[in-house]
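First up is the structure itself, then whatever we jot down about it.
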Amino acid sequence: MTHPSKPVKAQQGEKAHQADIHARLLRGDIPEEAEIVSERILRRVLRVPTPEGVLFAKQHLFPFLRVRLRYALRSSPTRREAENLTRAAALGLLVPRVLAESSQRSPLGPTLAVLLTAALPEGRPLDPPARHRLFEAIWDLANKGVLHPDLHGDNLRLLEDGRVAFLDFQSCRFFPGKVPSRLLPSMLAPFLEEQLQFLPKSTLETWLLEKKISPTPCFAAVDRRGQKQRRTRERHALRNSTKVRRFRPAPLRHPFWIRYLQRGAILPQDYVSAGMTHLPPLGRCQLSQAPAEGGGTILRLRANRSLRSYWLRAILEGPDQGSRILAWDRNNSWLSPRDSLYILHQEGVMDFPMGGDDVASLLSRCSPPQSCS
């Protein structure tokens, strides 16, 4: 009986180790050798060194039912991305090689989805000619019928040999011919927004005109993208803020009523109903007040519209002392949508969260609230 040579045994051990890493990643585990590149509630990305090279694992976790229902009747995000990467590679594009994909589903949608891809070579530093090379590669991508909606720096890479690699194909769309011209501004907006930090706008306009693309709608798309990102940052800042406690004061009687309360603030329950004295209305807003413990007055401002932007500014930009917004009540019921702000006003204090010395000034000095997206 012959025994396998030592190198063969080593190769078998490496293959077994590689297969074990793949299996653990596809189960949603985090191996000890893995490095967490990014981690959110819905998704995390891992960088994992293996005997056969570095790989990246994208693990979608689906912690909420509403997220599972979104994919109940369609493919999981990793299945879609794996298919898109395969199609892109068939078009001659340089994209990450798919190593494995796994999706676990329940009757209500996926519960775990994992995609493993091989790492691409590192990119080289970008000078103006290199940035123009990226623009040419995006133009080539559009001519091949691939609409990539998120072409920022992390998803574009110029390699040492001059080739351009593309990443993150989860939301890409494929067209039988070229990408329609009406969709080019939104496709180019992430790239242009980033390049404006390094290049003059006139240079980017020249590049666009060379391809017979009107610069006006492209830079308008850049502006819309910036506004959307600012609103998203505000939402995330509120959601992740340690200054705020989120709860439902009466989940059985009012299931759509959510309260956002500043941590450390005290807001008696009777302020919701009979504990407050009504004041003359302010426009379409209802006003009422009640004495606050320790001095001062609690003013309640109630309106049949969103007051979210005032609350956001108070939390993110307002002072930690003086007159301030303590809580925001949000009623999502489609029958009677209604928001309330509870404002602590102390006598002699002139610093409301956004300037002014009374509620009227608070409202008049702020821009109209933006609708929640």
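Starting from 1 in every chain, residues are counted up; chains themselves are A, B, ... following the order of the structure tokens, and ligands are numbered from 1 as listed.
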Next on the checklist: Among range 131-282 of chain A, which residues does DSSP mark as strand (DSSP E) when it is run on the backbone? Keep the chain and numbering as in the structure and answer as number ranges by chain.
Outcome noted: A: 146-147, 156-158, 164-166, 173-174, 244-247, 257-262, 277-282
Next on the checklist: Please list as a list in words every residue within 10 Å of Leu167 in chain A, counting only C-alpha atoms and excluding residues in the same chain fewer than 3 positions away.
Outcome noted: Leu85, Leu94, Val95, Pro96, Leu120, His148, Asp150, Leu151, His152, Gly153, Asp154, Asn155, Leu156, Arg157 and Gln170 of chain A
Checklist entry - Using the chain letters and numbers from this document, which residues of range 153-349 of chain A does DSSP assign to alpha helix (DSSP H), as a ChimeraX atom specification? => result /A:184-195,201-210,215-240,308-317
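Shortest atom-to-atom contact with Asp161 in chain A among A:Ala100, A:Ala130, A:Ala142, A:Pro281: A:Ala130, counting only C-alpha atoms.
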Item to check | Among the residues A:Ala250, A:Gly109, A:Lys144, A:Leu25, the one that comes closest to Ala90 in chain A [using only C-alpha atoms] | outcome: A:Lys144
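Comparing the minimum interatomic distances between Leu134 in chain A and each of A:Val67, A:Lys201, A:Gly162, A:Leu108, counting only C-alpha atoms, we find that A:Gly162 sits nearest.
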Next on the checklist: Residues near Gln59 in chain A, anyone? I mean within 6 Å using only C-alpha atoms, not counting same-chain ones fewer than 3 positions away, as a PyMOL selection string.
Outcome noted: chain A and resi 43-44+113-114
List as a CSV table (one decimal) with N, CA and C atoms, in the first residue's frame the protein and nucleic acid residues near Gly53 in chain A, meaning an atom at most 10 Å away when only C-alpha atoms are counted, but skip any in the same chain fewer than 3 places from it.
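Saved file result30.csv follows:
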chain,number,residue,atom,x,y,z
A,18,GLN,N,-10.1,25.2,2.8
A,18,GLN,CA,-10.8,26.1,1.9
A,18,GLN,C,-12.3,25.8,1.9
A,48,VAL,N,-11.6,37.7,3.6
A,48,VAL,CA,-11.1,36.4,4.2
A,48,VAL,C,-9.9,35.9,3.4
A,49,PRO,N,-8.7,35.9,4.0
A,49,PRO,CA,-7.6,35.2,3.3
A,49,PRO,C,-7.7,33.7,3.4
A,50,THR,N,-7.5,33.0,2.3
A,50,THR,CA,-7.6,31.6,2.2
A,50,THR,C,-6.4,31.0,1.5
A,118,ALA,N,-14.0,36.1,-5.7
A,118,ALA,CA,-12.5,36.3,-5.6
A,118,ALA,C,-12.2,37.7,-5.6
A,119,ALA,N,-11.1,38.1,-4.8
A,119,ALA,CA,-10.6,39.4,-4.8
A,119,ALA,C,-10.0,39.8,-6.1
Checklist entry - Got a sec: who's within 10 Å of Pro31 in chain A, counting only C-alpha atoms, leaving out chain neighbours fewer than 3 positions off, as a list in words? => result Asp20, Ile21, His22, Arg24, Leu25, Gly28, Ala34, Glu35, Leu46 and Val48 of chain A
Using the selection just defined, write its residues with N, CA and C atoms as a PDB file, in the first residue's frame.
ATOM      1  N   ASP A  20     -14.019  24.245   4.168  1.00  0.00           N
ATOM      2  CA  ASP A  20     -14.600  24.544   5.481  1.00  0.00           C
ATOM      3  C   ASP A  20     -14.891  26.043   5.608  1.00  0.00           C
ATOM      4  N   ILE A  21     -13.980  26.883   5.116  1.00  0.00           N
ATOM      5  CA  ILE A  21     -14.212  28.339   5.160  1.00  0.00           C
ATOM      6  C   ILE A  21     -15.435  28.699   4.330  1.00  0.00           C
ATOM      7  N   HIS A  22     -15.541  28.132   3.133  1.00  0.00           N
ATOM      8  CA  HIS A  22     -16.703  28.411   2.278  1.00  0.00           C
ATOM      9  C   HIS A  22     -17.988  28.009   2.982  1.00  0.00           C
ATOM     10  N   ARG A  24     -18.645  27.670   6.177  1.00  0.00           N
ATOM     11  CA  ARG A  24     -18.963  28.525   7.315  1.00  0.00           C
ATOM     12  C   ARG A  24     -19.489  29.884   6.856  1.00  0.00           C
ATOM     13  N   LEU A  25     -18.884  30.434   5.814  1.00  0.00           N
ATOM     14  CA  LEU A  25     -19.365  31.713   5.297  1.00  0.00           C
ATOM     15  C   LEU A  25     -20.769  31.589   4.736  1.00  0.00           C
ATOM     16  N   GLY A  28     -23.454  31.849   7.151  1.00  0.00           N
ATOM     17  CA  GLY A  28     -23.598  33.138   7.813  1.00  0.00           C
ATOM     18  C   GLY A  28     -22.642  33.349   8.960  1.00  0.00           C
ATOM     19  N   ALA A  34     -11.337  36.099   9.323  1.00  0.00           N
ATOM     20  CA  ALA A  34     -12.054  37.081   8.511  1.00  0.00           C
ATOM     21  C   ALA A  34     -11.883  38.485   9.074  1.00  0.00           C
ATOM     22  N   GLU A  35     -11.858  39.451   8.177  1.00  0.00           N
ATOM     23  CA  GLU A  35     -11.822  40.870   8.538  1.00  0.00           C
ATOM     24  C   GLU A  35     -13.135  41.501   8.090  1.00  0.00           C
ATOM     25  N   LEU A  46     -17.219  40.729   4.359  1.00  0.00           N
ATOM     26  CA  LEU A  46     -16.029  40.184   5.008  1.00  0.00           C
ATOM     27  C   LEU A  46     -14.919  39.996   3.983  1.00  0.00           C
ATOM     28  N   VAL A  48     -11.627  37.679   3.550  1.00  0.00           N
ATOM     29  CA  VAL A  48     -11.143  36.439   4.154  1.00  0.00           C
ATOM     30  C   VAL A  48      -9.931  35.927   3.378  1.00  0.00           C
TER      31      VAL A  48
END
Checklist entry - To one decimal place, how far is CA of Thr277 in chain A from CA of Thr297 in chain A in Å? => result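 Interatomic distance here is 11.1 Å.
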Checklist entry - Between A:Ser102, A:Gln229, A:Thr111, A:Thr206, which has the minimum distance to Arg68 in chain A (counting only C-alpha atoms)? => result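 Among the listed residues, the smallest separation from Arg68 in chain A belongs to A:Thr111.
Among the candidates A:Arg40, A:Arg284, A:Arg263, A:His132, the one nearest to Thr203 in chain A when counting only C-alpha atoms is A:His132.
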